[in-house]
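Engineer: File name model-v8.txt; file contents compact mmCIF, C-alpha atoms; full text below.
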# COMPACT_ATOMS: atom_id res chain seq x y z
CA MET U 1 1.55 -5.12 -17.59
CA ARG U 2 2.92 -1.65 -17.50
CA ALA U 3 1.84 1.21 -19.70
CA TYR U 4 4.23 2.67 -22.20
CA HIS U 5 1.94 5.34 -23.49
CA LEU U 6 -1.34 4.97 -21.72
CA GLY U 7 -2.01 1.56 -20.50
CA ARG U 8 -0.73 -1.97 -20.56
CA SER U 9 -2.65 -3.59 -17.81
CA VAL U 10 -4.34 -6.03 -16.82
CA LEU U 11 -3.45 -6.95 -16.13
CA ARG U 12 -0.58 -2.96 -14.29
CA PRO U 13 -3.24 -4.17 -15.31
CA SER U 14 -4.19 -4.60 -15.43
CA ALA U 15 -3.18 -4.28 -15.10
CA SER U 16 -3.81 -3.34 -13.75
CA ARG U 17 -4.36 -5.38 -12.65
CA GLU U 18 -4.28 -3.16 -11.99
CA TRP U 19 -4.82 -4.43 -9.20
CA LEU U 20 -5.07 -4.78 -6.58
CA VAL U 21 -4.26 -8.47 -6.55
CA TYR U 22 -6.56 -10.92 -8.18
CA ALA U 23 -6.11 -14.66 -8.56
CA PHE U 24 -8.19 -17.78 -8.57
CA VAL U 25 -8.38 -20.13 -5.64
CA ALA U 26 -6.39 -23.31 -5.67
CA PHE U 27 -8.39 -26.47 -6.16
CA GLY U 28 -10.36 -27.21 -3.00
CA ALA U 29 -9.23 -24.06 -1.16
CA THR U 30 -11.48 -21.90 0.98
CA LEU U 31 -12.14 -18.38 -0.26
CA THR U 32 -10.12 -15.89 1.75
CA ALA U 33 -8.19 -12.66 1.36
CA PRO U 34 -5.56 -12.94 -1.37
CA VAL U 35 -2.04 -14.13 -0.71
CA VAL U 36 0.39 -11.92 -2.58
CA GLY U 37 2.66 -14.65 -3.82
CA CYS U 38 3.34 -17.02 -6.61
CA SER U 39 2.30 -20.31 -5.08
CA ASP U 40 -1.03 -21.20 -3.48
CA THR U 41 -3.03 -18.09 -4.32
CA THR U 42 -6.56 -17.23 -3.31
CA PHE U 43 -9.36 -15.49 -5.12
CA ALA U 44 -9.97 -11.79 -5.30
CA THR U 45 -10.27 -9.18 -8.01
CA ALA U 46 -9.27 -5.56 -8.06
CA SER U 47 -8.50 -3.02 -10.68
CA GLY U 48 -5.25 -2.75 -12.55
CA GLY U 49 -3.71 0.31 -14.10
CA THR U 50 -3.64 1.90 -17.50
CA ASP U 51 -0.65 4.19 -17.63
CA GLY U 52 3.04 4.26 -16.98
CA SER U 53 2.54 4.98 -13.30
CA THR U 54 -0.24 2.55 -12.55
CA ASP U 55 0.42 -0.72 -10.80
CA ALA U 56 -0.90 -4.11 -11.69
CA PRO U 57 -1.22 -7.43 -9.92
CA PRO U 58 2.01 -9.05 -8.83
CA ARG U 59 3.29 -11.61 -11.26
CA LYS U 60 1.60 -14.98 -10.82
CA ASP U 61 3.70 -16.36 -13.71
CA ALA U 62 1.17 -18.99 -14.76
CA SER U 63 2.38 -21.07 -11.85
CA SER U 64 -0.48 -20.78 -9.39
CA PRO U 65 -1.99 -24.16 -8.54
CA ALA U 66 -5.23 -22.78 -9.92
CA ASP U 67 -5.59 -20.31 -12.77
CA ALA U 68 -4.26 -16.79 -12.25
CA ALA U 69 -6.29 -14.53 -14.46
CA ARG U 70 -3.05 -12.71 -15.07
CA ASP U 71 -1.73 -15.18 -17.66
CA ALA U 72 -1.74 -14.00 -21.26
CA LYS U 73 -2.59 -15.81 -24.45
CA GLY U 74 0.27 -17.98 -25.58
CA PRO U 75 1.70 -17.54 -29.10
CA ASP U 76 0.08 -20.77 -30.23
CA GLY U 77 -3.27 -20.14 -28.57
CA ASP U 78 -6.41 -20.48 -30.62
CA ALA U 79 -9.17 -20.32 -28.05
CA LYS U 80 -12.85 -19.98 -28.62
CA SER U 81 -14.74 -17.60 -26.40
CA PRO U 82 -15.03 -19.06 -22.88
CA GLY U 83 -16.95 -16.19 -21.34
CA SER U 84 -20.44 -14.83 -21.53
CA ASP U 85 -21.49 -12.29 -24.15
CA ALA U 86 -21.02 -9.57 -21.55
CA THR U 87 -17.25 -10.10 -21.65
CA GLN U 88 -17.00 -9.77 -25.43
CA PRO U 89 -16.62 -6.49 -27.36
CA SER U 90 -19.96 -6.18 -29.11
CA ASP U 91 -20.42 -4.63 -32.54
CA ALA U 92 -22.51 -1.91 -30.90
CA ALA U 93 -19.66 -1.04 -28.54
CA LYS U 94 -17.22 -0.92 -31.43
CA ASP U 95 -19.53 1.30 -33.46
CA ALA U 96 -20.06 3.58 -30.48
CA ALA U 97 -16.33 3.97 -30.05
CA LYS U 98 -15.88 4.83 -33.72
CA ASP U 99 -18.83 7.20 -33.83
CA ALA U 100 -18.00 9.13 -30.67
CA GLY U 101 -17.86 12.48 -32.44
CA THR U 102 -14.13 12.64 -33.12
CA ASP U 103 -14.55 15.79 -35.21
CA ALA U 104 -15.34 17.71 -32.01
CA LEU U 105 -12.26 16.41 -30.18
CA THR U 106 -8.98 18.23 -29.71
CA PRO U 107 -5.91 16.81 -31.49
CA ALA U 108 -4.79 15.25 -28.20
CA GLU U 109 -8.19 13.66 -27.65
CA GLN U 110 -8.27 12.33 -31.21
CA ALA U 111 -4.82 10.77 -30.93
CA CYS U 112 -5.55 9.30 -27.51
CA THR U 113 -8.91 7.92 -28.57
CA ALA U 114 -7.33 6.20 -31.55
CA GLU U 115 -4.62 4.68 -29.35
CA ALA U 116 -7.17 3.63 -26.74
CA GLU U 117 -9.23 1.87 -29.41
CA ALA U 118 -6.15 0.00 -30.63
CA LEU U 119 -5.02 -0.88 -27.12
CA CYS U 120 -8.40 -2.04 -25.86
CA THR U 121 -8.92 -4.07 -29.01
CA LEU U 122 -5.56 -5.75 -28.40
CA ARG U 123 -6.45 -6.48 -24.78
CA SER U 124 -9.73 -7.98 -25.90
CA SER U 125 -8.30 -10.09 -28.72
CA CYS U 126 -5.50 -11.40 -26.48
CA THR U 127 -7.97 -12.63 -23.86
CA ASP U 128 -11.12 -13.46 -25.83
CA GLY U 129 -12.74 -10.41 -24.24
CA PHE U 130 -12.31 -11.66 -20.68
CA ASN U 131 -9.85 -8.94 -19.66
CA ILE U 132 -12.21 -6.21 -20.85
CA GLY U 133 -15.15 -7.62 -18.92
CA LEU U 134 -13.05 -8.23 -15.83
CA PHE U 135 -11.62 -4.73 -15.55
CA TYR U 136 -13.94 -2.43 -17.51
CA GLY U 137 -17.23 -4.19 -18.14
CA SER U 138 -17.33 -3.07 -21.78
CA LEU U 139 -15.08 -2.13 -24.66
CA ALA U 140 -16.53 1.38 -24.72
CA ALA U 141 -15.61 1.92 -21.05
CA CYS U 142 -12.07 0.69 -21.71
CA ILE U 143 -11.66 3.12 -24.59
CA SER U 144 -13.10 6.08 -22.70
CA ARG U 145 -11.09 5.64 -19.51
CA THR U 146 -7.86 4.71 -21.28
CA SER U 147 -8.10 7.69 -23.60
CA ALA U 148 -8.66 10.07 -20.67
CA THR U 149 -5.48 8.83 -19.00
CA CYS U 150 -3.54 9.41 -22.21
CA VAL U 151 -4.79 13.01 -22.42
CA THR U 152 -3.79 13.57 -18.80
CA ALA U 153 -0.29 12.24 -19.47
CA LEU U 154 0.15 14.66 -22.36
CA ALA U 155 -0.57 17.55 -19.99
CA ALA U 156 2.01 16.53 -17.38
CA ALA U 157 5.01 18.76 -16.68
CA ASP U 158 8.40 17.75 -18.14
CA THR U 159 6.83 15.10 -20.35
CA SER U 160 8.38 14.24 -23.68
CA GLN U 161 5.26 12.52 -24.88
CA THR U 162 4.02 13.81 -28.25
CA LEU U 163 1.12 13.22 -30.57
CA ALA U 164 3.56 11.76 -33.10
CA ASN U 165 4.76 9.21 -30.53
CA ILE U 166 1.18 8.25 -29.72
CA ASP U 167 0.28 7.85 -33.41
CA SER U 168 3.34 5.66 -33.97
CA CYS U 169 2.49 3.41 -31.04
CA THR U 170 -1.13 3.19 -32.16
CA SER U 171 -0.08 1.85 -35.55
CA SER U 172 2.07 -0.81 -33.83
CA TYR U 173 -0.60 -2.36 -31.62
CA PRO U 174 -2.31 -4.55 -34.28
CA ALA U 175 0.95 -6.43 -34.90
CA GLU U 176 2.06 -6.75 -31.27
CA GLN U 177 2.32 -10.27 -29.87
CA CYS U 178 0.08 -10.98 -26.90
CA THR U 179 2.90 -12.52 -24.89
CA ASP U 180 5.09 -9.44 -25.44
CA TYR U 181 2.21 -7.17 -24.46
CA PHE U 182 1.49 -8.92 -21.18
CA ASP U 183 5.17 -9.31 -20.34
CA ASP U 184 5.80 -5.58 -20.94
CA ASP U 185 8.18 -6.11 -23.82
CA PRO U 186 7.04 -3.36 -26.17
CA VAL U 187 7.97 -2.61 -29.74
CA ALA U 188 10.30 0.39 -30.00
CA SER U 189 7.52 2.83 -30.92
CA CYS U 190 5.68 2.07 -27.67
CA VAL U 191 8.61 2.49 -25.28
CA PRO U 192 8.00 5.67 -23.23
CA PRO U 193 10.02 8.63 -24.51
CA VAL U 194 12.71 10.02 -22.23
CA GLY U 195 11.51 13.02 -20.24
CA THR U 196 13.46 15.70 -18.39
CA GLY U 197 12.80 14.81 -14.77
CA ALA U 198 15.93 13.92 -12.82
CA ILE U 199 16.16 11.06 -10.32
CA GLY U 200 13.96 12.02 -7.38
CA ALA U 201 11.82 14.49 -9.33
CA PRO U 202 8.05 14.23 -8.83
CA CYS U 203 6.14 12.41 -11.55
CA GLY U 204 3.00 10.56 -12.43
CA PHE U 205 4.03 9.12 -15.80
CA ASP U 206 7.16 7.43 -17.18
CA SER U 207 7.53 9.98 -19.97
CA GLN U 208 8.21 12.72 -17.41
CA CYS U 209 11.47 11.07 -16.31
CA ALA U 210 14.94 11.11 -17.85
CA SER U 211 15.11 7.45 -16.80
CA ALA U 212 11.74 6.75 -18.48
CA PHE U 213 10.56 5.21 -15.20
CA CYS U 214 8.23 6.79 -12.65
CA ALA U 215 8.02 4.81 -9.40
CA THR U 216 4.68 5.40 -7.72
CA GLY U 217 4.15 2.37 -5.54
CA GLN U 218 1.05 0.23 -5.36
CA TYR U 219 -1.39 2.72 -3.83
CA ARG U 220 -0.33 6.14 -5.15
CA VAL U 221 -0.78 8.02 -8.40
CA CYS U 222 2.21 10.33 -7.82
CA GLY U 223 5.78 9.18 -7.28
CA THR U 224 9.34 10.06 -8.17
CA CYS U 225 11.61 9.43 -11.12
CA GLN U 226 13.90 6.48 -10.41
CA ARG U 227 16.38 4.39 -12.36
CA LEU U 228 14.79 1.68 -14.46
CA PRO U 229 14.71 -1.44 -12.24
CA ALA U 230 17.03 -4.35 -12.98
CA VAL U 231 16.87 -8.04 -12.12
CA GLY U 232 16.99 -8.41 -8.34
CA ALA U 233 15.36 -5.08 -7.53
CA PRO U 234 12.72 -5.26 -4.76
CA CYS U 235 9.08 -5.25 -5.82
CA GLN U 236 5.53 -5.69 -4.57
CA VAL U 237 3.76 -5.56 -7.93
CA GLU U 238 4.94 -6.00 -11.48
CA ALA U 239 4.79 -2.27 -12.18
CA ASP U 240 7.68 -1.88 -9.72
CA CYS U 241 9.90 -3.72 -12.22
CA GLY U 242 9.66 -1.43 -15.22
CA ARG U 243 9.83 -3.18 -18.60
CA ASP U 244 10.18 -6.85 -19.52
CA LEU U 245 10.57 -8.11 -15.93
CA GLY U 246 8.16 -9.88 -13.59
CA CYS U 247 7.76 -9.48 -9.84
CA ALA U 248 8.55 -12.89 -8.34
CA ILE U 249 7.20 -13.20 -4.79
CA PRO U 250 7.99 -16.37 -2.81
CA GLY U 251 5.31 -18.20 -0.86
CA SER U 252 3.00 -16.00 1.21
CA LEU U 253 5.37 -13.03 1.35
CA THR U 254 4.22 -9.59 0.19
CA GLU U 255 7.53 -8.52 -1.36
CA GLY U 256 9.82 -10.19 -3.85
CA THR U 257 12.37 -9.33 -6.51
CA CYS U 258 12.25 -8.44 -10.18
CA ALA U 259 13.07 -11.43 -12.38
CA ALA U 260 13.44 -12.16 -16.08
CA PHE U 261 10.68 -14.21 -17.66
CA VAL U 262 11.56 -17.80 -18.53
CA PRO U 263 10.66 -18.83 -22.10
CA SER U 264 8.92 -21.99 -23.27
CA GLY U 265 10.80 -25.11 -22.21
CA GLY U 266 13.00 -23.23 -19.75
CA GLN U 267 13.56 -24.08 -16.09
CA CYS U 268 11.23 -22.14 -13.80
CA LEU U 269 10.51 -21.90 -10.10
CA THR U 270 7.42 -20.40 -8.50
CA GLY U 271 8.29 -17.19 -6.68
CA ALA U 272 11.77 -16.97 -8.21
CA ARG U 273 11.89 -17.62 -11.97
CA PRO U 274 8.50 -16.86 -13.54
CA CYS U 275 7.39 -18.23 -16.89
CA MET U 276 6.48 -15.89 -19.70
CA SER U 277 2.79 -15.09 -20.04
CA GLY U 278 0.61 -17.94 -21.18
CA TYR U 279 2.88 -20.63 -19.73
CA ALA U 280 2.72 -22.64 -16.52
CA CYS U 281 5.63 -23.87 -14.42
CA VAL U 282 4.98 -27.64 -14.44
CA GLY U 283 6.58 -29.92 -11.87
CA ASP U 284 8.41 -27.37 -9.72
CA ILE U 285 8.63 -27.77 -5.93
CA PRO U 286 9.30 -24.39 -4.27
CA ALA U 287 9.92 -25.92 -0.82
CA THR U 288 12.99 -27.76 -2.12
CA ALA U 289 13.90 -25.26 -4.87
CA THR U 290 13.24 -27.95 -7.47
CA SER U 291 12.79 -26.42 -10.90
CA GLY U 292 9.91 -27.10 -13.27
CA ILE U 293 9.47 -26.59 -17.01
CA CYS U 294 7.58 -23.70 -18.61
CA THR U 295 4.75 -25.34 -20.54
CA LEU U 296 2.04 -23.73 -22.67
CA SER U 297 -1.24 -23.44 -20.73
CA PRO U 298 -4.46 -24.63 -22.38
CA THR U 299 -6.60 -21.90 -23.93
CA THR U 300 -9.75 -23.83 -24.84
CA VAL U 301 -12.75 -25.01 -22.88
CA GLY U 302 -12.57 -28.77 -22.33
CA ALA U 303 -8.78 -29.03 -22.56
CA ALA U 304 -7.06 -31.33 -20.06
CA CYS U 305 -5.30 -29.65 -17.14
CA ASP U 306 -3.75 -30.15 -13.72
CA GLY U 307 -4.74 -27.54 -11.14
CA THR U 308 -1.60 -28.21 -9.10
CA ARG U 309 0.76 -28.22 -12.13
CA LYS U 310 2.44 -31.40 -10.93
CA THR U 311 2.00 -33.36 -14.15
CA ALA U 312 0.54 -30.86 -16.63
CA PRO U 313 -0.15 -27.13 -16.93
CA ASN U 314 -3.19 -25.45 -15.46
CA CYS U 315 -5.51 -23.39 -17.65
CA ASN U 316 -4.74 -19.97 -19.08
CA GLY U 317 -6.66 -17.76 -16.68
CA THR U 318 -6.41 -14.65 -18.85
CA TYR U 319 -8.80 -16.38 -21.22
CA GLY U 320 -11.25 -16.75 -18.35
CA LEU U 321 -10.52 -20.44 -17.81
CA ALA U 322 -10.10 -22.45 -14.61
CA CYS U 323 -8.98 -26.04 -14.10
CA ILE U 324 -11.93 -27.90 -12.58
CA PRO U 325 -11.13 -31.37 -11.17
CA ALA U 326 -12.86 -34.40 -12.60
CA ALA U 327 -13.55 -35.94 -9.20
CA ALA U 328 -12.88 -35.57 -5.49
CA GLY U 329 -9.31 -36.28 -4.47
CA THR U 330 -7.69 -35.35 -7.79
CA SER U 331 -6.34 -32.16 -9.30
CA ILE U 332 -6.60 -33.51 -12.86
CA GLY U 333 -9.55 -32.12 -14.78
CA THR U 334 -10.65 -29.93 -17.66
CA CYS U 335 -10.67 -26.22 -18.39
CA LYS U 336 -14.02 -24.53 -17.83
CA ALA U 337 -15.15 -20.95 -18.38
CA ILE U 338 -15.13 -18.49 -15.48
CA PRO U 339 -18.38 -16.50 -15.68
CA LEU U 340 -18.22 -12.84 -14.68
CA VAL U 341 -21.03 -11.77 -12.35
CA GLU U 342 -22.49 -8.49 -11.13
CA ALA U 343 -22.10 -6.84 -7.74
CA GLY U 344 -24.07 -8.60 -5.02
CA MET U 345 -23.93 -11.97 -6.76
CA THR U 346 -22.21 -15.10 -5.47
CA CYS U 347 -18.57 -15.47 -6.56
CA GLY U 348 -15.51 -17.65 -6.02
CA ASP U 349 -15.62 -21.42 -5.63
CA MET U 350 -18.77 -23.17 -6.77
CA GLY U 351 -19.46 -26.55 -5.18
CA THR U 352 -17.32 -28.55 -2.80
CA ALA U 353 -15.40 -31.85 -3.04
CA PRO U 354 -15.04 -31.62 -5.92
CA LEU U 355 -15.08 -28.03 -7.11
CA THR U 356 -17.63 -27.61 -9.89
CA GLY U 357 -16.74 -24.13 -11.10
CA ILE U 358 -15.43 -20.65 -10.31
CA THR U 359 -17.01 -17.25 -10.89
CA ASP U 360 -15.38 -13.83 -10.78
CA CYS U 361 -16.59 -10.24 -10.50
CA LYS U 362 -16.94 -8.03 -13.55
CA GLN U 363 -15.83 -4.41 -14.00
CA GLY U 364 -13.12 -4.43 -11.34
CA GLY U 365 -15.33 -5.80 -8.56
CA LEU U 366 -13.93 -7.66 -5.56
CA CYS U 367 -14.97 -11.14 -4.43
CA VAL U 368 -15.35 -10.84 -0.65
CA LYS U 369 -15.79 -13.69 1.79
CA SER U 370 -18.85 -13.50 4.03
CA MET U 371 -18.30 -12.79 7.72
CA THR U 372 -21.04 -15.30 8.48
CA ALA U 373 -19.95 -18.93 8.45
CA GLY U 374 -21.60 -20.93 5.71
CA ASN U 375 -22.60 -17.96 3.58
CA PRO U 376 -21.11 -17.62 0.10
CA ALA U 377 -18.73 -14.91 -1.00
CA THR U 378 -20.25 -12.03 -2.94
CA CYS U 379 -19.03 -9.42 -5.40
CA VAL U 380 -18.48 -5.88 -4.13
CA ALA U 381 -18.65 -3.30 -6.93
CA ALA U 382 -15.65 -1.10 -7.64
CA ALA U 383 -16.08 2.44 -6.33
CA ALA U 384 -16.43 5.37 -8.71
CA ASP U 385 -13.77 8.02 -9.16
CA GLY U 386 -13.50 10.29 -6.13
CA MET U 387 -15.46 7.93 -3.89
CA PRO U 388 -14.30 6.12 -0.73
CA CYS U 389 -12.44 2.83 -1.21
CA ASP U 390 -10.38 0.39 0.80
CA ASN U 391 -7.29 -1.59 -0.15
CA ASP U 392 -8.15 -4.28 2.39
CA PRO U 393 -8.99 -7.29 0.17
CA ALA U 394 -11.25 -8.66 2.88
CA THR U 395 -13.62 -5.70 2.57
CA GLY U 396 -13.02 -3.38 -0.40
CA PRO U 397 -14.33 -1.71 -2.40
CA PRO U 398 -11.53 -1.32 -4.93
CA CYS U 399 -11.53 1.38 -7.60
CA LEU U 400 -12.45 1.40 -11.26
CA THR U 401 -9.45 1.04 -13.57
CA PRO U 402 -7.23 3.10 -13.86
CA ALA U 403 -7.96 4.85 -10.56
CA LYS U 404 -6.05 3.80 -7.45
CA CYS U 405 -7.26 3.73 -3.87
CA VAL U 406 -4.94 6.35 -2.40
CA ALA U 407 -4.86 5.93 1.37
CA ASN U 408 -6.12 8.78 3.53
CA ALA U 409 -3.41 8.15 6.12
CA ASP U 410 0.03 6.53 6.10
CA GLY U 411 -0.24 2.86 6.90
CA GLY U 412 -4.01 2.82 6.45
CA THR U 413 -6.04 0.97 3.85
CA ALA U 414 -9.08 3.26 3.55
CA GLY U 415 -8.74 5.96 0.95
CA THR U 416 -10.22 7.73 -2.06
CA CYS U 417 -10.38 6.51 -5.65
CA THR U 418 -7.95 8.78 -7.46
CA LEU U 419 -7.26 8.96 -11.18
CA PRO U 420 -3.77 9.54 -12.62
CA THR U 421 -3.00 13.26 -12.54
CA ALA U 422 -0.83 15.69 -14.47
CA ALA U 423 -0.31 17.75 -11.30
CA CYS U 424 1.96 15.65 -9.11
CA PRO U 425 3.79 17.80 -6.52
Would you give me this structure, written as structure tokens?
Structural biologist:
Amino acid sequence: MRAYHLGRSVLRPSASREWLVYAFVAFGATLTAPVVGCSDTTFATASGGTDGSTDAPPRKDASSPADAARDAKGPDGDAKSPGSDATQPSDAAKDAAKDAGTDALTPAEQACTAEAEALCTLRSSCTDGFNIGLFYGSLAACISRTSATCVTALAAADTSQTLANIDSCTSSYPAEQCTDYFDDDPVASCVPPVGTGAIGAPCGFDSQCASAFCATGQYRVCGTCQRLPAVGAPCQVEADCGRDLGCAIPGSLTEGTCAAFVPSGGQCLTGARPCMSGYACVGDIPATATSGICTLSPTTVGAACDGTRKTAPNCNGTYGLACIPAAAGTSIGTCKAIPLVEAGMTCGDMGTAPLTGITDCKQGGLCVKSMTAGNPATCVAAAADGMPCDNDPATGPPCLTPAKCVANADGGTAGTCTLPTAACP
């Protein structure tokens, strides 16, 4: 998801998702570093973004053999909460957000707080709270950090963003469809306004650019204004594709091309023609370029599923669900909840032959495989703003959403957690 005003991530997000890649292991797979592709993915979590310049996980298009936590709620979804209470927006968190002393805020802070409340509420309702727990840990944290990014964007040079635009977008969020939100297909009021920056001008936010697209790359907060990407443009993450396009990455490659989302019932192909959010590509065979059919993924605990998508869809991972096989030697099973655990706790695959469950890390943490054979993987907490980080998914730590781990040296993975800035050179 890409941000139009302040943040549409998971999943860029979530974004962010941000980002940065996170996915769930295929049935029976060993926990390893993530494969940035659209077929047999592995399990890791990192933060996604919450503004127009922030990247999110590459598109997994509901076609991973297991459950990519990137998939959004389908239009017909009616799931009950699969996660723990920690992943749900509590009444206390909601009250805290509303009673945060808005009278003492500047007009920009008031507008951004209101939009952040609407946006985070949408993210929560579209994922039964799982997205909030996965990236932020709490609704209050989502609101606070998303609002701060919005205020920063308003202060950026050459921006055309206004308080009136923000208010208009805020009023549109309650009616926005979850599938449109996660597939970056915004209502008109949430499309970023056209800025004044010419192609090649420095930027950190879409609204600074005359093209309404700021290309930053996966591990930077500052970039340059570029033309809005079209189908076929190269990409590494979905944020590289602008609006209403996914990043389709074949096999185990790290780069793919921007592709239009395939609707329900359409012909799809993993790594080439991604399904719209909330749908799985059932029956495709990438090795022979055999197409599958985009089929609605289950959104309820206990629903039947196929972790390999050969005969039926896998579970909707954005709801915090994974397809757990019924017995050894089969990929057919039922959807079970993916608990979110704290830093230092065991994560990833639970049990062997057959898999009995999957856990993930809360608040942007990273599930890291142990260097000692036989030891379980554990969650590494996301680093705080301004602290050291590492984009190596085998080590981490990642950064808290919406910060990015900006490398200290070209070609390196170690860096510093850096928030979006209004002062891009």
Engineer: So which residues touch Gly415 (chain U) within 9 Å, counting all atoms listed in the file, skipping near sequence neighbours fewer than 6 positions away, as a list in words?
Structural biologist: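 Within the cut-off, the hits are Met387, Pro388, Cys389, Asp390, Asn391, Cys405, Val406, Ala407, Asn408 and Ala409 of chain U.
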Engineer: Identify, on the basis of only C-alpha atoms, every residue whose closest approach to Asp360 (chain U) does not exceed 7 Å; exclude the query and any residue fewer than 2 positions from it along the same chain; express the result as a PyMOL selection string.
Structural biologist: chain U and resi 338-341+347-348+358+362+367
Engineer: Store the residues picked out above, limited to C-alpha atoms, as an mmCIF file, keeping the file's coordinate frame.
Structural biologist:
data_model
loop_
_atom_site.group_PDB
_atom_site.id
_atom_site.type_symbol
_atom_site.label_atom_id
_atom_site.label_comp_id
_atom_site.auth_asym_id
_atom_site.auth_seq_id
_atom_site.Cartn_x
_atom_site.Cartn_y
_atom_site.Cartn_z
ATOM 1 C CA ILE U 338 -15.130 -18.490 -15.480
ATOM 2 C CA PRO U 339 -18.380 -16.500 -15.680
ATOM 3 C CA LEU U 340 -18.220 -12.840 -14.680
ATOM 4 C CA VAL U 341 -21.030 -11.770 -12.350
ATOM 5 C CA CYS U 347 -18.570 -15.470 -6.560
ATOM 6 C CA GLY U 348 -15.510 -17.650 -6.020
ATOM 7 C CA ILE U 358 -15.430 -20.650 -10.310
ATOM 8 C CA LYS U 362 -16.940 -8.030 -13.550
ATOM 9 C CA CYS U 367 -14.970 -11.140 -4.430
#
Engineer: For the atom pair CA of Glu342 (chain U) and CA of Pro376 (chain U), what is the interatomic distance in Å to one decimal place?
Structural biologist: 14.5 Å
Engineer: Using all atoms listed in the file, which residue out of U:Thr254, U:Thr288, U:Gln226, U:Thr270 lies closest to Cys241 (chain U)?
Structural biologist: U:Gln226
Engineer: U:Ser252, U:Ser168, U:Thr311, U:Thr395: which is nearest Cys379 (chain U), counting all atoms listed in the file?
Structural biologist: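 The answer is U:Thr395, which sits nearest to Cys379 (chain U).
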Engineer: So what do you get for CA of Val151 (chain U) versus CA of Ala108 (chain U), distance-wise?
Structural biologist: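 Straight-line distance from CA of Val151 (chain U) to CA of Ala108 (chain U) works out to 6.2 Å.
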Engineer: So how many Å separate CA of Ala230 (chain U) and CA of Asp180 (chain U), to one decimal?
Structural biologist: 18.0 Å
Engineer: Counting only C-alpha atoms, figure out which residue out of U:Gly200, U:Pro354, U:Pro186, U:Pro250 gets nearest to Tyr173 (chain U).
Structural biologist: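 Among the listed residues, the smallest separation from Tyr173 (chain U) belongs to U:Pro186.
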Engineer: Tell me which protein, DNA and RNA residues are within 6 Å of Cys417 (chain U), counting only C-alpha atoms, leaving out same-chain ones fewer than 2 positions away, and put them as a list in words.
Structural biologist: Asp385, Gly386, Met387, Cys399, Ala403, Lys404 and Cys405 of chain U
Engineer: For Asn165 (chain U), list every protein, DNA or RNA residue within 9 Å, evaluated using all atoms listed in the file, and leave out those in the same chain fewer than 3 positions away; present the list as a count of residues only.
Structural biologist: 10
